[in-house]
Every structure is written in structure tokens, then in C-alpha cells.
>>> print(open('my_file_12.txt').read())   # compact mmCIF, C-alpha atoms
# COMPACT_ATOMS: atom_id res chain seq x y z
CA MET A 96 -56.59 12.96 18.49
CA THR A 97 -57.38 15.26 15.57
CA LYS A 98 -55.76 14.82 12.18
CA GLN A 99 -53.63 17.93 12.74
CA ASP A 100 -52.41 16.56 16.09
CA LEU A 101 -51.67 13.23 14.44
CA VAL A 102 -49.54 14.85 11.74
CA GLN A 103 -47.65 16.91 14.31
CA GLN A 104 -46.94 13.83 16.44
CA ALA A 105 -45.80 11.91 13.36
CA GLU A 106 -43.43 14.70 12.37
CA SER A 107 -41.85 14.75 15.83
CA PHE A 108 -41.55 10.96 16.10
CA SER A 109 -38.35 10.53 14.08
CA VAL A 110 -36.76 13.44 15.97
CA ARG A 111 -37.60 11.87 19.33
CA ILE A 112 -36.29 8.52 18.15
CA GLU A 113 -32.97 10.12 17.25
CA GLU A 114 -32.80 11.64 20.74
CA LEU A 115 -33.35 8.18 22.20
CA ARG A 116 -30.59 6.69 20.05
CA THR A 117 -28.22 9.43 21.20
CA GLU A 118 -28.88 8.72 24.87
CA ILE A 119 -28.58 4.95 24.45
CA SER A 120 -25.29 5.34 22.55
CA LYS A 121 -23.77 6.97 25.63
CA VAL A 122 -23.75 3.52 27.24
CA ILE A 123 -24.14 1.00 24.40
CA VAL A 124 -21.45 0.82 21.72
CA GLY A 125 -22.69 -0.40 18.32
CA GLN A 126 -25.67 -2.80 18.11
CA GLU A 127 -27.58 -0.30 15.94
CA GLU A 128 -29.78 -2.99 14.39
CA VAL A 129 -30.74 -4.41 17.77
CA ILE A 130 -31.52 -0.95 19.15
CA ASN A 131 -33.71 -0.21 16.11
CA ALA A 132 -35.55 -3.51 16.60
CA LEU A 133 -36.19 -2.80 20.28
CA LEU A 134 -37.44 0.72 19.60
CA ASN A 135 -39.59 -0.48 16.72
CA GLY A 136 -41.04 -3.31 18.82
CA LEU A 137 -41.77 -1.01 21.74
CA PHE A 138 -43.56 1.67 19.71
CA SER A 139 -45.41 -1.02 17.73
CA HIS A 140 -46.76 -2.31 21.08
CA GLY A 141 -44.98 -5.64 20.66
CA HIS A 142 -42.46 -7.83 22.47
CA VAL A 143 -38.95 -8.83 21.44
CA LEU A 144 -36.90 -12.02 21.90
CA MET A 145 -33.12 -11.47 21.78
CA ILE A 146 -30.81 -14.37 20.91
CA GLY A 147 -27.17 -13.87 21.84
CA VAL A 148 -24.22 -15.35 23.69
CA PRO A 149 -23.40 -14.03 27.17
CA GLY A 150 -21.52 -10.78 27.47
CA LEU A 151 -23.14 -8.82 24.62
CA ALA A 152 -24.74 -6.27 26.99
CA LYS A 153 -28.32 -7.49 26.57
CA THR A 154 -29.29 -6.64 30.14
CA LEU A 155 -27.45 -3.32 30.04
CA LEU A 156 -29.20 -2.40 26.79
CA VAL A 157 -32.65 -3.03 28.26
CA LYS A 158 -31.85 -1.15 31.45
CA THR A 159 -30.51 1.79 29.44
CA LEU A 160 -33.63 1.81 27.26
CA ALA A 161 -35.83 1.91 30.37
CA GLU A 162 -33.84 4.84 31.77
CA ALA A 163 -34.01 6.80 28.52
CA LEU A 164 -37.78 6.28 28.40
CA ASP A 165 -38.30 6.81 32.14
CA LEU A 166 -40.12 3.47 32.38
CA ASN A 167 -40.43 1.16 35.37
CA PHE A 168 -38.07 -1.77 34.84
CA ASN A 169 -37.96 -5.25 36.38
CA ARG A 170 -35.62 -8.12 35.61
CA VAL A 171 -36.50 -11.76 36.27
CA GLN A 172 -33.84 -14.45 36.04
CA PHE A 173 -35.63 -17.51 34.71
CA THR A 174 -34.53 -20.71 36.45
CA PRO A 175 -35.83 -24.32 36.54
CA ASP A 176 -37.44 -23.79 39.97
CA LEU A 177 -39.22 -20.54 39.07
CA MET A 178 -42.99 -20.76 39.62
CA PRO A 179 -45.77 -18.79 37.86
CA SER A 180 -46.61 -17.01 41.12
CA ASP A 181 -43.01 -15.75 41.28
CA ILE A 182 -43.75 -13.72 38.14
CA ILE A 183 -47.45 -12.88 38.38
CA GLY A 184 -47.80 -12.54 42.15
CA SER A 185 -49.98 -14.38 44.64
CA GLU A 186 -52.66 -13.92 47.24
CA ILE A 187 -51.61 -13.77 50.87
CA LEU A 188 -53.64 -13.74 54.06
CA GLY A 189 -53.58 -10.24 55.53
CA GLU A 190 -53.85 -9.08 59.11
CA ASP A 191 -57.60 -8.57 58.68
CA ARG A 192 -57.92 -12.31 57.82
CA SER A 193 -58.77 -11.54 54.17
CA PHE A 194 -56.76 -12.46 51.11
CA GLN A 195 -54.88 -9.71 49.31
CA PHE A 196 -53.17 -9.95 45.95
CA VAL A 197 -49.49 -9.04 46.07
CA LYS A 198 -48.30 -8.08 42.59
CA GLY A 199 -45.22 -9.78 41.16
CA PRO A 200 -42.45 -8.32 38.97
CA LEU A 201 -44.69 -8.68 35.91
CA PHE A 202 -46.43 -5.47 36.94
CA THR A 203 -44.02 -3.06 35.32
CA ASN A 204 -43.57 -1.17 32.06
CA LEU A 205 -40.48 -3.03 30.84
CA LEU A 206 -39.87 -6.64 31.88
CA LEU A 207 -36.59 -8.39 31.10
CA ALA A 208 -37.17 -12.16 31.04
CA ASP A 209 -33.54 -13.24 31.25
CA GLU A 210 -32.80 -16.68 29.76
CA ILE A 211 -36.48 -17.41 29.35
CA ASN A 212 -35.83 -20.94 28.07
CA ARG A 213 -34.32 -22.02 31.42
CA THR A 214 -37.72 -22.32 33.08
CA PRO A 215 -40.30 -25.10 32.42
CA PRO A 216 -43.25 -24.50 30.06
CA LYS A 217 -45.59 -24.19 33.06
CA THR A 218 -43.85 -20.98 34.09
CA GLN A 219 -43.23 -19.80 30.53
CA SER A 220 -46.98 -19.98 29.93
CA ALA A 221 -47.55 -17.52 32.78
CA LEU A 222 -46.49 -14.83 30.31
CA LEU A 223 -48.96 -15.78 27.56
CA GLU A 224 -51.97 -13.86 28.85
CA ALA A 225 -49.83 -10.92 29.92
CA MET A 226 -48.16 -10.58 26.51
CA GLN A 227 -51.37 -10.89 24.51
CA GLU A 228 -54.06 -9.33 26.70
CA ARG A 229 -51.94 -6.98 28.85
CA GLN A 230 -53.57 -8.47 31.93
CA VAL A 231 -53.17 -11.42 34.30
CA THR A 232 -55.71 -13.64 36.04
CA ALA A 233 -55.14 -14.72 39.63
CA ALA A 234 -57.68 -16.45 41.86
CA GLY A 235 -60.40 -15.75 39.33
CA LYS A 236 -59.76 -12.00 39.19
CA ASN A 237 -58.32 -9.96 36.32
CA TYR A 238 -55.59 -7.40 36.93
CA ARG A 239 -54.58 -4.92 34.26
CA LEU A 240 -50.89 -4.39 33.61
CA PRO A 241 -49.34 -0.90 33.41
CA ASP A 242 -49.39 0.91 30.09
CA PRO A 243 -47.11 0.68 28.21
CA PHE A 244 -46.11 -2.94 28.85
CA PHE A 245 -43.20 -4.51 27.01
CA VAL A 246 -41.53 -7.92 27.46
CA LEU A 247 -37.97 -8.34 26.32
CA ALA A 248 -36.67 -11.89 26.66
CA THR A 249 -33.18 -13.30 26.13
CA GLN A 250 -31.88 -16.72 25.13
CA ASN A 251 -28.40 -18.21 24.98
CA PRO A 252 -28.03 -20.00 21.61
CA ILE A 253 -25.04 -22.10 22.70
CA GLU A 254 -25.69 -23.73 26.05
CA GLN A 255 -28.73 -26.01 25.75
CA GLU A 256 -28.28 -28.25 28.81
CA GLY A 257 -31.05 -27.66 31.32
CA THR A 258 -33.19 -25.62 28.96
CA TYR A 259 -36.80 -25.95 27.78
CA PRO A 260 -37.54 -24.92 24.18
CA LEU A 261 -40.20 -22.25 23.93
CA PRO A 262 -43.55 -23.61 22.63
CA GLU A 263 -44.69 -22.28 19.27
CA ALA A 264 -47.57 -20.43 20.95
CA GLN A 265 -45.08 -18.65 23.20
CA LEU A 266 -42.75 -17.77 20.31
CA ASP A 267 -45.65 -16.38 18.32
CA ARG A 268 -46.36 -13.85 21.09
CA PHE A 269 -43.02 -12.19 20.36
CA MET A 270 -43.33 -9.64 17.61
CA TYR A 271 -39.63 -9.86 16.76
CA GLN A 272 -36.73 -12.23 17.20
CA VAL A 273 -33.38 -10.44 16.97
CA ASN A 274 -29.98 -12.11 16.82
CA LEU A 275 -27.09 -10.27 18.47
CA ASP A 276 -23.69 -10.45 16.80
CA TYR A 277 -20.25 -9.82 18.24
CA PRO A 278 -19.10 -6.18 18.02
CA SER A 279 -16.70 -5.09 15.29
CA PHE A 280 -13.00 -4.62 16.05
CA LYS A 281 -13.34 -0.86 16.48
CA GLU A 282 -16.48 -1.23 18.57
CA GLU A 283 -14.83 -3.74 20.89
CA VAL A 284 -11.85 -1.42 21.38
CA GLN A 285 -14.28 1.35 22.30
CA ILE A 286 -16.11 -0.96 24.72
CA LEU A 287 -12.86 -1.77 26.52
CA LYS A 288 -11.93 1.91 26.77
CA GLN A 289 -15.36 2.81 28.06
CA THR A 290 -15.81 0.04 30.64
CA THR A 291 -12.37 -0.32 32.24
CA THR A 292 -12.16 3.10 33.87
CA GLY A 293 -13.95 4.73 36.76
CA PHE A 294 -16.15 6.78 34.41
CA SER A 295 -19.80 5.73 34.41
CA PRO A 296 -21.96 7.47 31.76
CA SER A 297 -25.40 8.59 32.83
CA VAL A 298 -28.52 8.44 30.70
CA SER A 299 -31.13 11.19 30.75
CA ALA A 300 -34.82 10.48 30.38
CA VAL A 301 -35.93 11.97 27.06
CA MET A 302 -39.45 10.56 27.03
CA LYS A 303 -42.17 9.69 29.54
CA ALA A 304 -44.48 6.67 29.63
CA GLU A 305 -47.43 8.81 28.54
CA GLU A 306 -45.56 9.97 25.44
CA VAL A 307 -44.62 6.38 24.61
CA SER A 308 -48.31 5.41 24.71
CA THR A 309 -49.17 8.40 22.52
CA PHE A 310 -46.61 7.42 19.88
CA GLN A 311 -47.88 3.82 19.98
CA ASN A 312 -51.30 5.16 19.00
CA VAL A 313 -49.75 7.33 16.27
CA VAL A 314 -48.05 4.27 14.75
CA ARG A 315 -51.40 2.55 14.31
CA GLU A 316 -52.78 5.55 12.43
CA VAL A 317 -50.13 5.49 9.69
CA PRO A 318 -51.87 4.83 6.33
CA VAL A 319 -51.04 1.68 4.37
CA PRO A 320 -51.93 1.29 0.66
CA ASP A 321 -53.72 -1.86 -0.50
CA SER A 322 -50.67 -2.88 -2.54
CA VAL A 323 -48.62 -3.17 0.68
CA PHE A 324 -51.32 -5.22 2.41
CA GLU A 325 -51.31 -7.57 -0.59
CA TYR A 326 -47.51 -7.74 -0.54
CA VAL A 327 -47.59 -8.71 3.16
CA VAL A 328 -50.16 -11.47 2.59
CA GLY A 329 -48.14 -12.76 -0.35
CA LEU A 330 -44.98 -12.78 1.72
CA VAL A 331 -46.60 -14.70 4.57
CA ASN A 332 -48.13 -17.17 2.12
CA LYS A 333 -44.67 -17.89 0.70
CA SER A 334 -43.69 -19.36 4.09
CA ARG A 335 -46.39 -22.04 4.00
CA PRO A 336 -45.67 -25.52 2.58
CA ALA A 337 -49.14 -25.64 1.00
CA SER A 338 -48.35 -22.60 -1.16
CA GLU A 339 -46.94 -22.69 -4.68
CA ASN A 340 -43.55 -21.59 -3.40
CA LYS A 341 -41.10 -24.41 -4.26
CA GLU A 342 -38.69 -23.35 -1.51
CA ALA A 343 -41.41 -23.65 1.12
CA GLN A 344 -42.55 -27.01 -0.23
CA THR A 345 -38.99 -28.32 -0.06
CA TYR A 346 -37.65 -26.90 3.20
CA ILE A 347 -40.50 -25.68 5.43
CA ALA A 348 -42.39 -27.81 7.95
CA TYR A 349 -44.69 -25.07 9.28
CA GLY A 350 -45.23 -21.57 7.99
CA ALA A 351 -46.20 -18.27 9.57
CA GLY A 352 -49.76 -17.52 10.68
CA PRO A 353 -51.91 -14.38 10.41
CA ARG A 354 -50.21 -12.77 13.42
CA ALA A 355 -47.05 -12.57 11.32
CA GLY A 356 -48.90 -10.42 8.78
CA GLN A 357 -50.25 -8.17 11.51
CA ASN A 358 -46.75 -7.68 12.92
CA LEU A 359 -45.28 -7.03 9.48
CA VAL A 360 -47.78 -4.22 8.92
CA LEU A 361 -47.34 -2.68 12.38
CA GLY A 362 -43.55 -2.97 12.19
CA ALA A 363 -43.53 -1.39 8.73
CA LYS A 364 -45.69 1.48 9.99
CA CYS A 365 -43.26 2.15 12.83
CA HIS A 366 -40.25 1.81 10.52
CA ALA A 367 -41.77 4.42 8.21
CA LEU A 368 -42.31 6.86 11.07
CA MET A 369 -38.83 6.26 12.48
CA ASN A 370 -37.47 7.31 9.09
CA GLY A 371 -39.57 10.45 8.78
CA LYS A 372 -42.32 9.07 6.51
CA PHE A 373 -46.07 9.05 7.09
CA SER A 374 -46.91 6.28 4.62
CA VAL A 375 -45.76 2.69 4.24
CA ASP A 376 -44.12 1.09 1.21
CA LYS A 377 -42.71 -2.39 0.51
CA GLU A 378 -39.22 -1.38 1.63
CA ASP A 379 -40.55 -0.79 5.15
CA VAL A 380 -42.01 -4.30 5.21
CA GLN A 381 -38.74 -5.77 3.91
CA SER A 382 -36.79 -3.98 6.65
CA VAL A 383 -38.66 -5.82 9.43
CA ALA A 384 -39.39 -9.13 7.66
CA LYS A 385 -36.49 -11.13 9.09
CA TRP A 386 -37.33 -10.05 12.65
CA VAL A 387 -40.98 -11.09 12.20
CA LEU A 388 -40.60 -14.36 10.26
CA SER A 389 -37.40 -16.01 11.53
CA HIS A 390 -39.03 -17.51 14.66
CA ARG A 391 -42.37 -18.28 13.03
CA VAL A 392 -41.12 -20.47 10.17
CA VAL A 393 -40.03 -23.99 11.12
CA LEU A 394 -37.54 -25.77 8.88
CA ASN A 395 -37.96 -29.47 8.14
CA PHE A 396 -35.36 -32.22 8.43
CA LYS A 397 -34.24 -31.83 4.82
CA ALA A 398 -33.37 -28.17 5.40
CA GLU A 399 -31.42 -28.99 8.55
CA ALA A 400 -29.57 -31.83 6.83
CA GLU A 401 -28.54 -29.52 3.97
CA GLY A 402 -27.57 -26.67 6.27
CA VAL A 403 -30.21 -24.29 4.96
CA LYS A 404 -30.59 -21.14 7.08
CA ILE A 405 -33.96 -19.54 7.63
CA GLN A 406 -32.51 -16.04 7.21
CA GLU A 407 -31.29 -16.94 3.72
CA ILE A 408 -34.71 -18.27 2.73
CA ILE A 409 -36.49 -15.15 4.03
CA GLN A 410 -34.07 -12.98 2.08
CA ASN A 411 -35.01 -14.87 -1.09
CA TRP A 412 -38.70 -14.29 -0.43
CA ILE A 413 -38.48 -10.53 -0.06
>>> encode(input="my_file_12.txt", output="C-alpha cells")
Amino acid sequence: MTKQDLVQQAESFSVRIEELRTEISKVIVGQEEVINALLNGLFSHGHVLMIGVPGLAKTLLVKTLAEALDLNFNRVQFTPDLMPSDIIGSEILGEDRSFQFVKGPLFTNLLLADEINRTPPKTQSALLEAMQERQVTAAGKNYRLPDPFFVLATQNPIEQEGTYPLPEAQLDRFMYQVNLDYPSFKEEVQILKQTTTGFSPSVSAVMKAEEVSTFQNVVREVPVPDSVFEYVVGLVNKSRPASENKEAQTYIAYGAGPRAGQNLVLGAKCHALMNGKFSVDKEDVQSVAKWVLSHRVVLNFKAEAEGVKIQEIIQNWI
């Protein structure tokens, strides 16, 4: 891609994003922050973990996003008896007496891992290679996943019986963690009006998979000044108990690793493009910081005993 092509693609990116928002809003009422996080994560080539109580249209949002982007979409309901082969696929003996690999639901553009913490770590770990390497290994053979590939997982923050907490390595594979809130009064009235009649809004595809991949490459080409790189490293360092940050020394058990810095930079690049800019400043980093850091910083017992919230601490850092 030439520099002129890159500039043209960058100029059209924010326009295309607005078209996506318009299509999604035909079905989804409110949830602007969540929609921005999903779009940012997708075009940054990352994955997103959504935390929210049942009934907040998480599944509908993902399905609508897939339709607006014309992406292949699969949903897997994670349960205690789910096996890795149920996600990845398995080899079966064919009619010619040779083994053939039958691909599982993981082979798609957009995978919804519904209630991911309801399956044991053995099955959760089946996603690790897919999320990081965009490939899976079965019977000693590597199979590439479609491009683009995006995992969106959900968790219920209330009901914890029969759940398995996600390992830190699994959490770190998610670029963002986004918390869904209840809709406002006006939004909830609109939801009731929109969903209790026979009218069913349709979503038009405004982008193809190839264009998504192109914009993902454009995001990586956005220039970042050294001062922003230094700001990102300083911000990540603030989360580590070994740093000079008194708040981290007092309340943090484990801080964020280098992947957090990578995601902060990529997320800031995408945020800049989504807002019509072709350069990154500190405000872009600050806009995505809570999504990147909230699941990578572990509070200690003192913080939990005093009711300290990780979002409040992150806000103090930025």
C-alpha cells in the first residue's frame, strides 16, 4: 500500500465507522461505549471480553455487528461439559479409511464465546493459540483461521456458582474488557417500544471482510510520537507494585505486562482514526486505558478490604 493509498484509507475510515454505527443503532439502543470498544478492538485486530448481567443484548449486539460487517458468525455456549474438540474440531475416519479434520465453530470470522467462564480451564485454553496465533493445532497439524478473526466473550458478573475463573494468561489474550451498564430510562423505554411489536429492523452490510482486513493494516500504520510511547510505558509501569507509585505499592498485587502497552498503542491508533485523526496523542491512550488495564491489574487483599475499585485507580493514573 502506497503512502497516498494509506492516507486515502485513513480519511475514509472515520466515515465508514459512522456508517457502521448507524446500522448497528437500528437494532441496538444505547451502549455507545460498548459499541466503540467492539469496533476499536476489531479494527485493532484484538479480542474483547464483555462483562454484563443477562438481558443487556450482548448476543444481539455481536450478531448485529457481524451482519453489518458481512462476517461469518458462530456462537458457542460454554458449559461445564464442553470439550476442546467441540470448539476446534476433530479428526474423523472417512469412507476411504483415512482421517479427515472436521473444522469446529472456531473457524469463523467472529466467534461469540458465551459465558466463557462456565467451562473448565482445559476447554478455555483451547482458545489460547487461536487468539494469539490465529491458528489451531490438531493431531500435529496447523490450521490457519479465517482473516479477520475476532473473539468476543461474555461473562455474568453476578452468578458465580458452577463457574471457573479465567486464568491470567487467558485474560491477557483479550485486548479489552468492557463492562456493560443498564440502559438509561429513555433508552429502556425505546427498547420496549422497539422489541414488543411485530417490526423487526434489518441491518445492511456496509463493509466486507476484505475491507476490514485493509483497515486493520491501516491502523498499524498510524504514526505515534516518542512522547506517546513514553507515556504508555510510564502508565503501564504505574500499575506495578515494584514501581515508585505509592498507590500500586499499597493496593496492587500484580501489574500489567508488556502486552498491555502494545494494546494501549494499537487501541490509541484506532481511536485516533475513528475520530478523523492520523496521529496519536495522549488523549487517545487515555480513552482506551480502562479497557486495556482493568483486567490486567490484580488488586491485593488490602484493596478488596477497603473497597477500592480498579477503575478508580486507573483513572488516577491517567
>>> atom_distance(input="my_file_12.txt", atom1="CA of Leu287 in chain A", atom2="CA of Thr249 in chain A")
23.4 Å
>>> closest_residue(input="my_file_12.txt", among="A:Val380, A:Val273, A:Ile182, A:Ala264", to="Ala367 in chain A", atoms="only C-alpha atoms")
A:Val380
>>> closest_residue(input="my_file_12.txt", among="A:His366, A:Arg268, A:Asn204, A:Pro175", to="Asp379 in chain A", atoms="all atoms listed in the file")
A:His366
>>> closest_residue(input="my_file_12.txt", among="A:Thr258, A:Gln311, A:Gln272, A:Asn169", to="Ala132 in chain A", atoms="only C-alpha atoms")
A:Gln272
>>> closest_residue(input="my_file_12.txt", among="A:Thr214, A:Val301, A:Leu275, A:Leu206", to="Leu115 in chain A", atoms="only C-alpha atoms")
A:Val301
>>> atom_distance(input="my_file_12.txt", atom1="CA of Asn131 in chain A", atom2="CA of Asn274 in chain A")
12.5 Å
>>> residues_around(input="my_file_12.txt", residues="Glu263 in chain A", least_positions_apart="2", cutoff="10 Å", atoms="all atoms listed in the file", output="list in words")
Pro260, Leu261, Gln265, Leu266, Asp267, Arg268, His390, Arg391, Val392 and Val393 of chain A
>>> residues_around(input="my_file_12.txt", residues="Gln357 in chain A", least_positions_apart="5", cutoff="10 Å", atoms="all atoms listed in the file", output="PyMOL selection string")
chain A and resi 270+324+327-328+352+362-363+387
>>> residues_around(input="my_file_12.txt", residues="Ser107 in chain A", least_positions_apart="3", cutoff="10 Å", atoms="only C-alpha atoms", output="compact mmCIF listing (two decimals) with C-alpha atoms, keeping the file's coordinate frame")
# COMPACT_ATOMS: atom_id res chain seq x y z
CA VAL A 102 -49.54 14.85 11.74
CA GLN A 103 -47.65 16.91 14.31
CA GLN A 104 -46.94 13.83 16.44
CA VAL A 110 -36.76 13.44 15.97
CA ARG A 111 -37.60 11.87 19.33
CA ILE A 112 -36.29 8.52 18.15
CA PHE A 310 -46.61 7.42 19.88
CA LEU A 368 -42.31 6.86 11.07
CA MET A 369 -38.83 6.26 12.48
CA GLY A 371 -39.57 10.45 8.78
>>> atom_distance(input="my_file_12.txt", atom1="CA of Val331 in chain A", atom2="CA of Leu359 in chain A")
9.2 Å
>>> closest_atom_pairs(input="my_file_12.txt", of="range 176-236 of chain A", to="range 135-151 of chain A", cutoff="12 Å", atoms="all atoms listed in the file", output="JSON lines")
{"residue": "A:Asn204", "atom": "CA", "partner": "A:Leu137", "partner_atom": "CA", "distance": 10.5}
{"residue": "A:Leu205", "atom": "CA", "partner": "A:Leu137", "partner_atom": "CA", "distance": 9.4}
{"residue": "A:Leu206", "atom": "CA", "partner": "A:His142", "partner_atom": "CA", "distance": 9.8}
{"residue": "A:Leu207", "atom": "CA", "partner": "A:Leu144", "partner_atom": "CA", "distance": 9.9}
{"residue": "A:Ala208", "atom": "CA", "partner": "A:Leu144", "partner_atom": "CA", "distance": 9.1}
{"residue": "A:Asp209", "atom": "CA", "partner": "A:Met145", "partner_atom": "CA", "distance": 9.6}
{"residue": "A:Glu210", "atom": "CA", "partner": "A:Ile146", "partner_atom": "CA", "distance": 9.4}
{"residue": "A:Ile211", "atom": "CA", "partner": "A:Leu144", "partner_atom": "CA", "distance": 9.2}
{"residue": "A:Asn212", "atom": "CA", "partner": "A:Leu144", "partner_atom": "CA", "distance": 10.9}
{"residue": "A:Leu222", "atom": "CA", "partner": "A:His142", "partner_atom": "CA", "distance": 11.3}
{"residue": "A:Leu223", "atom": "CA", "partner": "A:His142", "partner_atom": "CA", "distance": 11.5}
{"residue": "A:Ala225", "atom": "CA", "partner": "A:His142", "partner_atom": "CA", "distance": 10.9}
{"residue": "A:Met226", "atom": "CA", "partner": "A:His142", "partner_atom": "CA", "distance": 7.5}
{"residue": "A:Gln227", "atom": "CA", "partner": "A:Gly141", "partner_atom": "CA", "distance": 9.1}
{"residue": "A:Glu228", "atom": "CA", "partner": "A:Gly141", "partner_atom": "CA", "distance": 11.5}
{"residue": "A:Arg229", "atom": "CA", "partner": "A:His140", "partner_atom": "CA", "distance": 10.4}
>>> residues_around(input="my_file_12.txt", residues="Asp242 in chain A", least_positions_apart="3", cutoff="9 Å", atoms="all atoms listed in the file", output="list in words")
Thr203, Asn204, Arg229, Arg239, Phe245, Ala304, Glu305 and Ser308 of chain A
>>> closest_atom_pairs(input="my_file_12.txt", of="range 374-403 of chain A", to="range 332-348 of chain A", cutoff="12 Å", atoms="all atoms listed in the file", output="Markdown table")
| residue | atom | partner | partner_atom | distance |
| --- | --- | --- | --- | --- |
| A:Ala384 | CA | A:Ser334 | CA | 11.7 |
| A:Val387 | CA | A:Ser334 | CA | 11.9 |
| A:Leu388 | CA | A:Ser334 | CA | 8.5 |
| A:Ser389 | CA | A:Ser334 | CA | 10.3 |
| A:His390 | CA | A:Ser334 | CA | 11.7 |
| A:Arg391 | CA | A:Ser334 | CA | 9.1 |
| A:Val392 | CA | A:Ser334 | CA | 6.7 |
| A:Val393 | CA | A:Ala348 | CA | 5.5 |
| A:Leu394 | CA | A:Ile347 | CA | 4.5 |
| A:Asn395 | CA | A:Ala348 | CA | 4.7 |
| A:Phe396 | CA | A:Tyr346 | CA | 7.8 |
| A:Lys397 | CA | A:Tyr346 | CA | 6.2 |
| A:Ala398 | CA | A:Tyr346 | CA | 5.0 |
| A:Glu399 | CA | A:Tyr346 | CA | 8.5 |
| A:Ala400 | CA | A:Tyr346 | CA | 10.1 |
| A:Glu401 | CA | A:Tyr346 | CA | 9.5 |
| A:Gly402 | CA | A:Tyr346 | CA | 10.5 |
| A:Val403 | CA | A:Tyr346 | CA | 8.1 |
>>> closest_residue(input="my_file_12.txt", among="A:Glu106, A:Leu164, A:Gln406, A:Asn411", to="Val298 in chain A", atoms="all atoms listed in the file")
A:Leu164
>>> closest_residue(input="my_file_12.txt", among="A:Val122, A:Cys365, A:Leu177, A:Val284", to="Thr218 in chain A", atoms="only C-alpha atoms")
A:Leu177
>>> residues_around(input="my_file_12.txt", residues="Ser279 in chain A", least_positions_apart="6", cutoff="12 Å", atoms="all atoms listed in the file", output="list in words")
Val124, Gly125, Gln126, Glu127, Leu151, Gln285 and Ile286 of chain A
